[in-house]
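Undergrad: This is structure19.cif, which holds mmCIF, C-alpha atoms:
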data_data
#
loop_
_atom_site.group_PDB
_atom_site.id
_atom_site.type_symbol
_atom_site.label_atom_id
_atom_site.label_comp_id
_atom_site.auth_asym_id
_atom_site.auth_seq_id
_atom_site.Cartn_x
_atom_site.Cartn_y
_atom_site.Cartn_z
ATOM 1 C CA MET A 88 106.870 103.435 95.664
ATOM 2 C CA SER A 89 105.005 105.895 97.841
ATOM 3 C CA GLU A 90 101.549 104.880 99.005
ATOM 4 C CA LEU A 91 99.931 107.851 97.235
ATOM 5 C CA ARG A 92 101.534 106.855 93.931
ATOM 6 C CA LYS A 93 100.435 103.232 94.410
ATOM 7 C CA PHE A 94 96.813 104.223 95.149
ATOM 8 C CA THR A 95 96.751 106.612 92.168
ATOM 9 C CA LEU A 96 98.075 103.917 89.820
ATOM 10 C CA VAL A 97 95.473 101.406 91.070
ATOM 11 C CA TYR A 98 92.717 104.024 90.694
ATOM 12 C CA ALA A 99 93.801 104.686 87.088
ATOM 13 C CA GLY A 100 93.977 100.919 86.490
ATOM 14 C CA LEU A 101 90.433 100.444 87.828
ATOM 15 C CA LEU A 102 89.084 103.163 85.509
ATOM 16 C CA LEU A 103 90.979 101.574 82.604
ATOM 17 C CA LEU A 104 89.427 98.175 83.389
ATOM 18 C CA LEU A 105 85.988 99.838 83.527
ATOM 19 C CA ALA A 106 86.599 101.366 80.080
ATOM 20 C CA LEU A 107 87.766 97.959 78.821
ATOM 21 C CA THR A 108 84.697 96.088 80.086
ATOM 22 C CA VAL A 109 82.268 98.674 78.634
ATOM 23 C CA SER A 110 84.028 98.913 75.250
ATOM 24 C CA SER A 111 84.356 95.110 74.947
ATOM 25 C CA SER A 112 80.578 94.859 75.337
ATOM 26 C CA PHE A 113 80.182 96.482 71.893
ATOM 27 C CA ILE A 114 82.255 93.738 70.251
ATOM 28 C CA ASP A 115 80.689 90.317 69.670
ATOM 29 C CA LEU A 116 83.105 87.797 71.177
ATOM 30 C CA LYS A 117 80.932 84.774 70.302
ATOM 31 C CA GLY A 118 79.646 84.063 73.788
ATOM 32 C CA PHE A 119 82.847 85.027 75.614
ATOM 33 C CA ASN A 120 81.644 88.548 76.521
ATOM 34 C CA SER A 121 80.183 87.446 79.865
ATOM 35 C CA ALA A 122 83.309 85.455 80.754
ATOM 36 C CA LEU A 123 85.516 88.462 79.898
ATOM 37 C CA ASN A 124 83.280 90.790 81.946
ATOM 38 C CA LEU A 125 83.485 88.489 84.984
ATOM 39 C CA ALA A 126 87.259 88.134 84.563
ATOM 40 C CA ILE A 127 87.654 91.937 84.473
ATOM 41 C CA ALA A 128 85.352 92.311 87.517
ATOM 42 C CA THR A 129 87.472 89.739 89.385
ATOM 43 C CA ALA A 130 90.654 91.625 88.441
ATOM 44 C CA LYS A 131 89.111 94.861 89.778
ATOM 45 C CA ALA A 132 88.058 93.120 93.017
ATOM 46 C CA VAL A 133 91.596 91.711 93.490
ATOM 47 C CA LEU A 134 93.126 95.175 92.962
ATOM 48 C CA ILE A 135 90.727 96.772 95.466
ATOM 49 C CA GLY A 136 91.239 93.932 97.966
ATOM 50 C CA LEU A 137 95.037 93.783 97.796
ATOM 51 C CA VAL A 138 95.796 97.524 97.583
ATOM 52 C CA PHE A 139 92.871 99.605 98.875
ATOM 53 C CA MET A 140 91.894 97.074 101.577
ATOM 54 C CA GLN A 141 95.613 96.387 102.145
ATOM 55 C CA LEU A 142 95.167 92.626 102.211
ATOM 56 C CA SER A 143 98.707 92.240 100.866
ATOM 57 C CA HIS A 144 100.032 93.714 104.143
ATOM 58 C CA GLU A 145 97.650 91.914 106.488
ATOM 59 C CA LYS A 146 98.544 89.237 109.009
ATOM 60 C CA THR A 147 97.348 85.622 109.069
ATOM 61 C CA LEU A 148 93.894 86.070 110.642
ATOM 62 C CA PRO A 149 92.421 88.492 108.051
ATOM 63 C CA ARG A 150 93.812 86.285 105.271
ATOM 64 C CA LEU A 151 92.171 83.292 106.945
ATOM 65 C CA ALA A 152 88.807 85.119 106.964
ATOM 66 C CA VAL A 153 89.176 85.885 103.243
ATOM 67 C CA GLY A 154 90.209 82.289 102.515
ATOM 68 C CA ALA A 155 87.201 80.928 104.437
ATOM 69 C CA THR A 156 84.876 83.266 102.527
ATOM 70 C CA ALA A 157 86.385 82.188 99.202
ATOM 71 C CA LEU A 158 86.056 78.511 100.179
ATOM 72 C CA TRP A 159 82.364 78.822 101.073
ATOM 73 C CA LEU A 160 81.606 80.863 97.952
ATOM 74 C CA ILE A 161 83.303 78.174 95.831
ATOM 75 C CA VAL A 162 81.177 75.502 97.565
ATOM 76 C CA LEU A 163 78.004 77.599 97.080
ATOM 77 C CA PHE A 164 78.613 78.380 93.405
ATOM 78 C CA GLY A 165 80.329 75.079 92.550
ATOM 79 C CA LEU A 166 77.684 72.717 93.902
ATOM 80 C CA THR A 167 74.810 74.801 92.513
ATOM 81 C CA LEU A 168 76.231 75.341 89.031
ATOM 82 C CA ALA A 169 77.472 71.718 88.819
ATOM 83 C CA GLY A 170 73.826 70.676 88.796
ATOM 84 C CA GLN A 171 72.868 73.072 85.987
ATOM 85 C CA MET B 92 90.152 107.978 127.461
ATOM 86 C CA SER B 93 93.640 108.405 128.818
ATOM 87 C CA THR B 94 94.747 104.842 128.036
ATOM 88 C CA SER B 95 96.149 103.834 124.657
ATOM 89 C CA THR B 96 93.303 101.381 124.076
ATOM 90 C CA GLU B 97 89.661 102.326 123.707
ATOM 91 C CA SER B 98 88.378 99.119 125.325
ATOM 92 C CA ILE B 99 89.651 97.676 128.585
ATOM 93 C CA ALA B 100 89.496 94.234 126.935
ATOM 94 C CA PHE B 101 92.883 94.788 125.296
ATOM 95 C CA ASP B 102 96.342 95.125 126.797
ATOM 96 C CA THR B 103 97.866 96.992 123.904
ATOM 97 C CA ALA B 104 96.667 99.249 121.093
ATOM 98 C CA ALA B 105 98.209 96.877 118.521
ATOM 99 C CA ARG B 106 96.095 93.957 119.747
ATOM 100 C CA GLU B 107 92.972 96.122 119.701
ATOM 101 C CA LYS B 108 93.711 97.128 116.093
ATOM 102 C CA ASP B 109 94.301 93.480 115.083
ATOM 103 C CA ALA B 110 90.989 92.465 116.696
ATOM 104 C CA ASP B 111 89.149 95.268 114.894
ATOM 105 C CA THR B 112 90.638 94.350 111.540
ATOM 106 C CA PHE B 113 89.904 90.634 111.951
ATOM 107 C CA ALA B 114 86.317 91.308 113.055
ATOM 108 C CA MET B 115 85.745 93.568 110.044
ATOM 109 C CA TRP B 116 87.078 90.912 107.658
ATOM 110 C CA VAL B 117 84.772 88.293 109.222
ATOM 111 C CA PHE B 118 81.846 90.736 108.835
ATOM 112 C CA VAL B 119 82.841 91.440 105.226
ATOM 113 C CA GLY B 120 82.961 87.664 104.669
ATOM 114 C CA SER B 121 79.407 87.213 105.979
ATOM 115 C CA GLU B 122 78.251 90.064 103.734
ATOM 116 C CA ALA B 123 79.990 88.407 100.786
ATOM 117 C CA MET B 124 77.918 85.253 101.459
ATOM 118 C CA LEU B 125 74.724 87.361 101.442
ATOM 119 C CA PHE B 126 75.522 89.024 98.119
ATOM 120 C CA GLY B 127 77.017 85.777 96.772
ATOM 121 C CA ALA B 128 73.692 83.990 97.303
ATOM 122 C CA ILE B 129 71.649 86.628 95.473
ATOM 123 C CA VAL B 130 74.182 86.839 92.616
ATOM 124 C CA LEU B 131 73.992 83.049 92.324
ATOM 125 C CA VAL B 132 70.182 83.222 92.040
ATOM 126 C CA PHE B 133 70.643 85.754 89.231
ATOM 127 C CA LEU B 134 73.243 83.618 87.400
ATOM 128 C CA VAL B 135 71.075 80.480 87.551
ATOM 129 C CA ALA B 136 68.068 82.486 86.278
ATOM 130 C CA ARG B 137 70.244 83.980 83.525
ATOM 131 C CA LEU B 138 71.339 80.472 82.424
ATOM 132 C CA SER B 139 67.689 79.346 82.337
ATOM 133 C CA TYR B 140 66.056 82.452 80.828
ATOM 134 C CA GLY B 141 68.897 84.065 78.856
ATOM 135 C CA ASP B 142 66.579 84.818 75.924
ATOM 136 C CA ALA B 143 64.419 87.012 78.193
ATOM 137 C CA PHE B 144 67.227 88.486 80.330
ATOM 138 C CA ALA B 145 69.428 89.743 77.451
ATOM 139 C CA PRO B 146 66.812 92.032 75.807
ATOM 140 C CA ALA B 147 65.531 93.136 79.245
ATOM 141 C CA SER B 148 69.061 94.240 80.204
ATOM 142 C CA ARG B 149 69.114 96.635 77.220
ATOM 143 C CA HIS B 150 66.410 98.706 78.944
ATOM 144 C CA LEU B 151 68.893 99.686 81.695
ATOM 145 C CA SER B 152 70.932 102.862 81.146
ATOM 146 C CA LEU B 153 74.516 101.810 80.323
ATOM 147 C CA PRO B 154 75.851 105.432 80.420
ATOM 148 C CA LEU B 155 74.415 106.030 83.919
ATOM 149 C CA GLY B 156 75.568 102.592 85.122
ATOM 150 C CA THR B 157 79.093 103.266 83.822
ATOM 151 C CA LEU B 158 79.136 106.739 85.381
ATOM 152 C CA ASN B 159 78.019 105.304 88.716
ATOM 153 C CA THR B 160 80.766 102.666 88.602
ATOM 154 C CA ALA B 161 83.344 105.428 88.040
ATOM 155 C CA VAL B 162 81.850 107.445 90.938
ATOM 156 C CA LEU B 163 82.054 104.489 93.320
ATOM 157 C CA ILE B 164 85.616 103.592 92.258
ATOM 158 C CA THR B 165 86.570 107.240 92.911
ATOM 159 C CA SER B 166 84.960 107.057 96.368
ATOM 160 C CA SER B 167 87.057 103.960 97.130
ATOM 161 C CA PHE B 168 90.152 105.915 96.072
ATOM 162 C CA THR B 169 89.282 108.819 98.400
ATOM 163 C CA MET B 170 88.594 106.334 101.228
ATOM 164 C CA ALA B 171 92.030 104.765 100.669
ATOM 165 C CA LEU B 172 93.513 108.282 100.824
ATOM 166 C CA ALA B 173 91.636 108.910 104.099
ATOM 167 C CA HIS B 174 93.222 105.785 105.618
ATOM 168 C CA MET B 175 96.659 106.794 104.344
ATOM 169 C CA CYS B 176 96.297 110.316 105.814
ATOM 170 C CA ALA B 177 94.973 108.954 109.147
ATOM 171 C CA ASN B 178 98.017 106.666 109.437
ATOM 172 C CA ALA B 179 100.240 109.710 108.896
ATOM 173 C CA ALA B 180 98.221 111.714 111.503
ATOM 174 C CA ARG B 181 97.277 114.270 108.823
ATOM 175 C CA TRP B 182 93.870 114.891 110.338
ATOM 176 C CA ARG B 183 92.666 117.761 108.162
ATOM 177 C CA ALA B 184 93.396 115.779 104.980
ATOM 178 C CA THR B 185 91.673 112.743 106.540
ATOM 179 C CA ILE B 186 88.519 114.775 107.215
ATOM 180 C CA TRP B 187 88.473 116.139 103.642
ATOM 181 C CA SER B 188 88.991 112.660 102.164
ATOM 182 C CA LEU B 189 86.210 111.185 104.320
ATOM 183 C CA THR B 190 83.877 114.050 103.367
ATOM 184 C CA ALA B 191 84.642 113.518 99.670
ATOM 185 C CA THR B 192 83.975 109.773 100.086
ATOM 186 C CA ALA B 193 80.574 110.353 101.711
ATOM 187 C CA LEU B 194 79.628 112.982 99.101
ATOM 188 C CA LEU B 195 80.565 110.621 96.251
ATOM 189 C CA GLY B 196 78.348 108.010 97.931
ATOM 190 C CA VAL B 197 75.498 110.549 97.891
ATOM 191 C CA VAL B 198 76.199 111.284 94.192
ATOM 192 C CA PHE B 199 75.991 107.535 93.462
ATOM 193 C CA LEU B 200 72.630 107.331 95.242
ATOM 194 C CA GLY B 201 71.379 110.416 93.353
ATOM 195 C CA ILE B 202 72.265 108.870 89.975
ATOM 196 C CA LYS B 203 70.683 105.574 91.074
ATOM 197 C CA ALA B 204 67.508 107.422 92.102
ATOM 198 C CA ALA B 205 67.413 109.114 88.655
ATOM 199 C CA GLU B 206 67.727 105.675 87.028
ATOM 200 C CA TYR B 207 64.940 104.242 89.204
ATOM 201 C CA THR B 208 62.699 107.209 88.282
ATOM 202 C CA MET B 209 63.300 106.600 84.556
ATOM 203 C CA GLU B 210 62.542 102.899 85.004
ATOM 204 C CA PHE B 211 59.320 103.620 86.898
ATOM 205 C CA HIS B 212 58.219 106.007 84.121
ATOM 206 C CA GLU B 213 59.068 103.420 81.460
ATOM 207 C CA GLY B 214 56.935 100.851 83.306
ATOM 208 C CA ILE B 215 59.746 98.331 83.847
ATOM 209 C CA ALA B 216 59.780 98.549 87.656
ATOM 210 C CA PRO B 217 57.704 95.627 88.960
ATOM 211 C CA VAL B 218 58.069 96.757 92.583
ATOM 212 C CA LEU B 219 55.903 98.602 95.148
ATOM 213 C CA GLY B 220 52.767 97.760 93.158
ATOM 214 C CA ALA B 221 53.860 99.749 90.072
ATOM 215 C CA PRO B 222 52.422 98.535 86.740
ATOM 216 C CA PHE B 223 54.732 96.449 84.547
ATOM 217 C CA ILE B 224 54.478 97.402 80.879
ATOM 218 C CA TYR B 225 56.960 95.547 78.665
ATOM 219 C CA ASP B 226 56.689 94.899 74.933
ATOM 220 C CA GLY B 227 59.827 92.753 74.539
ATOM 221 C CA PRO B 228 60.019 88.948 74.303
ATOM 222 C CA ASP B 229 58.980 86.707 77.228
ATOM 223 C CA PRO B 230 57.551 89.413 79.573
ATOM 224 C CA VAL B 231 57.095 86.916 82.432
ATOM 225 C CA HIS B 232 60.818 86.224 82.742
ATOM 226 C CA ALA B 233 61.736 89.807 81.801
ATOM 227 C CA ARG B 234 59.706 90.825 84.857
ATOM 228 C CA PHE B 235 61.817 88.367 86.892
ATOM 229 C CA PHE B 236 64.970 90.102 85.559
ATOM 230 C CA PHE B 237 63.734 93.528 86.656
ATOM 231 C CA SER B 238 62.610 92.176 90.058
ATOM 232 C CA LEU B 239 66.117 90.778 90.615
ATOM 233 C CA TYR B 240 67.658 94.037 89.336
ATOM 234 C CA PHE B 241 65.688 96.073 91.882
ATOM 235 C CA ALA B 242 66.362 93.589 94.702
ATOM 236 C CA MET B 243 70.118 93.524 94.057
ATOM 237 C CA THR B 244 70.627 97.255 93.443
ATOM 238 C CA SER B 245 68.404 98.338 96.349
ATOM 239 C CA LEU B 246 70.195 95.935 98.732
ATOM 240 C CA HIS B 247 73.481 97.441 97.531
ATOM 241 C CA ALA B 248 72.096 100.985 97.921
ATOM 242 C CA LEU B 249 70.986 100.140 101.469
ATOM 243 C CA HIS B 250 74.556 99.102 102.292
ATOM 244 C CA LEU B 251 75.879 102.322 100.773
ATOM 245 C CA ILE B 252 73.404 104.391 102.838
ATOM 246 C CA CYS B 253 74.685 102.613 105.991
ATOM 247 C CA GLY B 254 78.255 103.426 104.927
ATOM 248 C CA ILE B 255 77.430 107.107 104.394
ATOM 249 C CA VAL B 256 75.664 107.304 107.788
ATOM 250 C CA VAL B 257 78.648 105.719 109.561
ATOM 251 C CA VAL B 258 81.147 108.048 107.829
ATOM 252 C CA ALA B 259 78.955 111.070 108.665
ATOM 253 C CA GLY B 260 78.627 109.858 112.282
ATOM 254 C CA MET B 261 82.376 109.387 112.520
ATOM 255 C CA LEU B 262 82.951 112.947 111.240
ATOM 256 C CA ALA B 263 80.402 114.288 113.763
ATOM 257 C CA MET B 264 82.207 112.536 116.645
ATOM 258 C CA TRP B 265 85.669 113.438 115.303
ATOM 259 C CA PRO B 266 86.550 116.225 117.822
ATOM 260 C CA ARG B 267 85.731 113.963 120.785
ATOM 261 C CA THR B 268 87.889 110.989 119.748
ATOM 262 C CA VAL B 269 91.500 110.159 120.462
ATOM 263 C CA ASN B 270 93.962 109.747 117.583
ATOM 264 C CA SER B 271 94.450 105.977 117.912
ATOM 265 C CA SER B 272 90.669 105.435 117.749
ATOM 266 C CA ARG B 273 90.438 107.606 114.634
ATOM 267 C CA VAL B 274 92.975 105.455 112.787
ATOM 268 C CA ARG B 275 91.158 102.233 113.715
ATOM 269 C CA TRP B 276 87.739 103.651 112.827
ATOM 270 C CA VAL B 277 88.886 104.909 109.432
ATOM 271 C CA GLY B 278 90.483 101.510 108.761
ATOM 272 C CA SER B 279 87.320 99.599 109.702
ATOM 273 C CA ILE B 280 84.818 101.743 107.794
ATOM 274 C CA GLY B 281 87.285 101.715 104.888
ATOM 275 C CA LEU B 282 87.145 97.907 104.681
ATOM 276 C CA TYR B 283 83.331 98.051 104.601
ATOM 277 C CA TRP B 284 83.293 100.831 101.985
ATOM 278 C CA HIS B 285 85.700 99.012 99.661
ATOM 279 C CA PHE B 286 83.608 95.842 100.012
ATOM 280 C CA VAL B 287 80.460 97.725 98.944
ATOM 281 C CA ASP B 288 82.479 98.974 95.948
ATOM 282 C CA ILE B 289 83.519 95.387 95.077
ATOM 283 C CA VAL B 290 79.852 94.294 95.163
ATOM 284 C CA TRP B 291 78.997 96.996 92.616
ATOM 285 C CA VAL B 292 81.999 95.995 90.475
ATOM 286 C CA PHE B 293 80.254 92.608 90.019
ATOM 287 C CA LEU B 294 76.662 93.901 89.837
ATOM 288 C CA PHE B 295 77.488 96.326 87.013
ATOM 289 C CA PRO B 296 78.552 93.794 84.330
ATOM 290 C CA ILE B 297 76.053 91.066 85.226
ATOM 291 C CA LEU B 298 73.098 93.492 85.155
ATOM 292 C CA TYR B 299 74.013 96.207 82.629
ATOM 293 C CA LEU B 300 76.080 94.116 80.216
ATOM 294 C CA ALA B 301 73.927 90.953 80.268
ATOM 295 C CA SER B 302 72.839 91.503 76.674
ATOM 296 C CA ARG B 303 76.255 92.207 75.223
#
With the file now loaded, output its structure as C-alpha cells.

TA:
Amino acid sequence: MSELRKFTLVYAGLLLLLALTVSSSFIDLKGFNSALNLAIATAKAVLIGLVFMQLSHEKTLPRLAVGATALWLIVLFGLTLAGQ
Amino acid sequence: MSTSTESIAFDTAAREKDADTFAMWVFVGSEAMLFGAIVLVFLVARLSYGDAFAPASRHLSLPLGTLNTAVLITSSFTMALAHMCANAARWRATIWSLTATALLGVVFLGIKAAEYTMEFHEGIAPVLGAPFIYDGPDPVHARFFFSLYFAMTSLHALHLICGIVVVAGMLAMWPRTVNSSRVRWVGSIGLYWHFVDIVWVFLFPILYLASR
C-alpha cells in the first residue's frame, strides 16, 4: 500500500471515529458513554501514533521512550485512581 | 554546510536523524506527563463532582468543539503528507503541506477564540477577573469545571501557537537549509504537531462530552 493511500485511509478512519464518538453521546449507554469515549480517543491516539508519527517503523530507542512514558502514566493514573 | 550532517557531533547523517527522533520522543514523553497530570486532576474532580460537571459541560459548544477536532485531525494529515513529500524530496509539495498545516492551526485557534468570546459573554469564564454568572446546580464546583476547561484548553492552545511559530520559522528559513536538514526538521516538528493533536483528541471527549 502506498504511503499516501495509508495516510488517507487513517485520516478517513479518524474522522469516522470522531463521528462515532459524537453520535454515541446522544445515546444513553447507562454510564458507559464516558468509557466508550475514552476507548475511541485511545484508538485515535494509537492510529496517529503508529501511522502519522510512524512509530510502527521506528527503532528501539523511540519505542523505549514511548514505553517509559506509558509506564509512568500508568503509575500516575493507577496509584491516584486506586485511592478514589 | 557542506558536510552531510548539520552538527559536528555526529559521524553520519543517519545517526544525527536517529538522535533527533529519539530526543523528540523523549520531549513528547515529558509533555505527555504534563498533560497527563492535568487530565488526571480533571478526572478526579469529575469523579467527585460529577453532578456539577455534567450540566456545566452542556454550556460548551459541541458543534464548534467537533469542528475544531476535525480541523486539527486534518492538520495532522497535512503534516503527515509534508513528511512524506520531504522524504521523497518533493520540496514544493512539502512547502504547501506545511503551509496548509500552519493555516489549519490558525483556523483552530480562531474557532477557539470565538468559543472563548461566547463563554465570556455568557458569564461562564471565571478567568482574568471576569464575572462568573451561572444559574445551574452547584455553581461552586461548576466554576471549578470552567476553570479547568480554560486551563486545559489554553495550555493546549499555547502548544499549538508554539507549533505554528516553529512551522512558520522553518518555512522562513527554508531557502537557506540543506535538504537533509529539511527532512529531519519536518520529521521533528511533525512528531510535536501530532502529539498536540493527540492531546486534543483526549480533551475533546472529557470536556465537551462530559454530560453525555

Undergrad: Near Val153 in chain A, within 10 Å and counting only C-alpha atoms, which residues show up once chain neighbours fewer than 3 positions away are dropped, as a list of chain:residue names?

TA: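 That gives A:Gly136, A:Leu142, A:Leu148, A:Pro149, A:Arg150, A:Thr156, A:Ala157, A:Leu158, B:Phe113, B:Trp116, B:Val117, B:Val119, B:Gly120, B:Ala123.
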
Undergrad: Pull C-alpha atoms from the residues just selected and write them as an mmCIF file, in the coordinates of the input.

TA:
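Writing done, so here's part_37.cif:
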data_model
loop_
_atom_site.group_PDB
_atom_site.id
_atom_site.type_symbol
_atom_site.label_atom_id
_atom_site.label_comp_id
_atom_site.auth_asym_id
_atom_site.auth_seq_id
_atom_site.Cartn_x
_atom_site.Cartn_y
_atom_site.Cartn_z
ATOM 1 C CA GLY A 136 91.239 93.932 97.966
ATOM 2 C CA LEU A 142 95.167 92.626 102.211
ATOM 3 C CA LEU A 148 93.894 86.070 110.642
ATOM 4 C CA PRO A 149 92.421 88.492 108.051
ATOM 5 C CA ARG A 150 93.812 86.285 105.271
ATOM 6 C CA THR A 156 84.876 83.266 102.527
ATOM 7 C CA ALA A 157 86.385 82.188 99.202
ATOM 8 C CA LEU A 158 86.056 78.511 100.179
ATOM 9 C CA PHE B 113 89.904 90.634 111.951
ATOM 10 C CA TRP B 116 87.078 90.912 107.658
ATOM 11 C CA VAL B 117 84.772 88.293 109.222
ATOM 12 C CA VAL B 119 82.841 91.440 105.226
ATOM 13 C CA GLY B 120 82.961 87.664 104.669
ATOM 14 C CA ALA B 123 79.990 88.407 100.786
#

Undergrad: Evaluate the PyMOL selection byres ((chain A and resi 134) around 12) against this structure - the residues, as a count of residues only, please.

TA: 34

Undergrad: Applied to this file, what does the PyMOL selection byres ((chain B) within 9 of (chain A)) return in terms of residues, put as a VMD selection string?

TA: chain B and resid 109 112 to 117 119 to 121 123 to 124 127 to 128 131 134 to 135 138 to 139 153 157 160 to 161 164 to 165 167 to 168 170 to 172 175 278 281 to 282 285 to 286 288 to 290 292 to 293 295 to 297 300 to 303

Undergrad: Between CA of Leu166 in chain A and CA of Val132 in chain B, what is the distance in Å, rounded to a tenth?

TA: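 Separating CA of Leu166 in chain A from CA of Val132 in chain B is a distance of 13.0 Å.
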
Undergrad: In Å to one decimal, how far is CA of Gly141 in chain B from CA of Lys117 in chain A?

TA: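 Between CA of Lys117 in chain A and CA of Gly141 in chain B the gap works out to 14.8 Å.
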
Undergrad: Run through the PyMOL selection byres ((chain B and resi 256-258) around 8) on the given coordinates and return the selected residues as a PyMOL selection string.

TA: chain B and resi 189-190+193+252-255+259-262+280

Undergrad: Just to confirm, what's the straight-line distance from CA of Ile99 in chain B to CA of Arg267 in chain B in Å (one decimal)?

TA: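 About the pair CA of Ile99 in chain B and CA of Arg267 in chain B: they are 18.5 Å apart.
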
Undergrad: Could you check the closest approach to His174 in chain B for each of B:Glu107, B:Val197, B:Trp284, B:Leu246 and tell me which residue wins, using all atoms listed in the file?

TA: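 Nearest candidate to His174 in chain B out of B:Glu107, B:Val197, B:Trp284, B:Leu246: B:Trp284.
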
Undergrad: Taking the point (74.7, 94.7, 94.3) as given in the file, collect each protein or nucleic acid residue that comes within 6 Å of it, counting only C-alpha atoms, and present the set as an NGL selection string.

TA: :B and (243-244 or 247 or 290-291 or 294)

Undergrad: What would range 101-118 of chain A look like with N, CA and C atoms restored, written as a PDB file, in the coordinates of the input?

TA:
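The new file rebuild.pdb reads:
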ATOM      1  N   LEU A 101      91.846 100.818  87.666  1.00  0.00           N
ATOM      2  CA  LEU A 101      90.433 100.444  87.828  1.00  0.00           C
ATOM      3  C   LEU A 101      89.569 101.148  86.782  1.00  0.00           C
ATOM      4  N   LEU A 102      89.853 102.425  86.528  1.00  0.00           N
ATOM      5  CA  LEU A 102      89.084 103.163  85.509  1.00  0.00           C
ATOM      6  C   LEU A 102      89.360 102.589  84.117  1.00  0.00           C
ATOM      7  N   LEU A 103      90.613 102.182  83.893  1.00  0.00           N
ATOM      8  CA  LEU A 103      90.979 101.574  82.604  1.00  0.00           C
ATOM      9  C   LEU A 103      90.228 100.255  82.409  1.00  0.00           C
ATOM     10  N   LEU A 104      90.145  99.453  83.468  1.00  0.00           N
ATOM     11  CA  LEU A 104      89.427  98.175  83.389  1.00  0.00           C
ATOM     12  C   LEU A 104      87.935  98.416  83.149  1.00  0.00           C
ATOM     13  N   LEU A 105      87.398  99.489  83.759  1.00  0.00           N
ATOM     14  CA  LEU A 105      85.988  99.838  83.527  1.00  0.00           C
ATOM     15  C   LEU A 105      85.774 100.185  82.053  1.00  0.00           C
ATOM     16  N   ALA A 106      86.701 100.999  81.495  1.00  0.00           N
ATOM     17  CA  ALA A 106      86.599 101.366  80.080  1.00  0.00           C
ATOM     18  C   ALA A 106      86.692 100.118  79.206  1.00  0.00           C
ATOM     19  N   LEU A 107      87.567  99.196  79.600  1.00  0.00           N
ATOM     20  CA  LEU A 107      87.766  97.959  78.821  1.00  0.00           C
ATOM     21  C   LEU A 107      86.503  97.108  78.820  1.00  0.00           C
ATOM     22  N   THR A 108      85.882  96.959  79.996  1.00  0.00           N
ATOM     23  CA  THR A 108      84.697  96.088  80.086  1.00  0.00           C
ATOM     24  C   THR A 108      83.527  96.699  79.317  1.00  0.00           C
ATOM     25  N   VAL A 109      83.377  98.037  79.365  1.00  0.00           N
ATOM     26  CA  VAL A 109      82.268  98.674  78.634  1.00  0.00           C
ATOM     27  C   VAL A 109      82.523  98.604  77.128  1.00  0.00           C
ATOM     28  N   SER A 110      83.766  98.909  76.701  1.00  0.00           N
ATOM     29  CA  SER A 110      84.028  98.913  75.250  1.00  0.00           C
ATOM     30  C   SER A 110      83.975  97.497  74.685  1.00  0.00           C
ATOM     31  N   SER A 111      84.402  96.494  75.461  1.00  0.00           N
ATOM     32  CA  SER A 111      84.356  95.110  74.947  1.00  0.00           C
ATOM     33  C   SER A 111      82.917  94.643  74.745  1.00  0.00           C
ATOM     34  N   SER A 112      81.974  95.288  75.462  1.00  0.00           N
ATOM     35  CA  SER A 112      80.578  94.859  75.337  1.00  0.00           C
ATOM     36  C   SER A 112      79.988  95.230  73.973  1.00  0.00           C
ATOM     37  N   PHE A 113      80.672  96.112  73.236  1.00  0.00           N
ATOM     38  CA  PHE A 113      80.182  96.482  71.893  1.00  0.00           C
ATOM     39  C   PHE A 113      80.771  95.578  70.806  1.00  0.00           C
ATOM     40  N   ILE A 114      81.655  94.668  71.219  1.00  0.00           N
ATOM     41  CA  ILE A 114      82.255  93.738  70.251  1.00  0.00           C
ATOM     42  C   ILE A 114      81.689  92.346  70.525  1.00  0.00           C
ATOM     43  N   ASP A 115      81.243  91.663  69.491  1.00  0.00           N
ATOM     44  CA  ASP A 115      80.689  90.317  69.670  1.00  0.00           C
ATOM     45  C   ASP A 115      81.833  89.308  69.772  1.00  0.00           C
ATOM     46  N   LEU A 116      82.013  88.753  70.957  1.00  0.00           N
ATOM     47  CA  LEU A 116      83.105  87.797  71.177  1.00  0.00           C
ATOM     48  C   LEU A 116      82.592  86.355  71.159  1.00  0.00           C
ATOM     49  N   LYS A 117      81.489  86.133  70.483  1.00  0.00           N
ATOM     50  CA  LYS A 117      80.932  84.774  70.302  1.00  0.00           C
ATOM     51  C   LYS A 117      80.692  84.065  71.632  1.00  0.00           C
ATOM     52  N   GLY A 118      79.998  84.712  72.535  1.00  0.00           N
ATOM     53  CA  GLY A 118      79.646  84.063  73.788  1.00  0.00           C
ATOM     54  C   GLY A 118      80.663  84.232  74.899  1.00  0.00           C
TER      55      GLY A 118
END
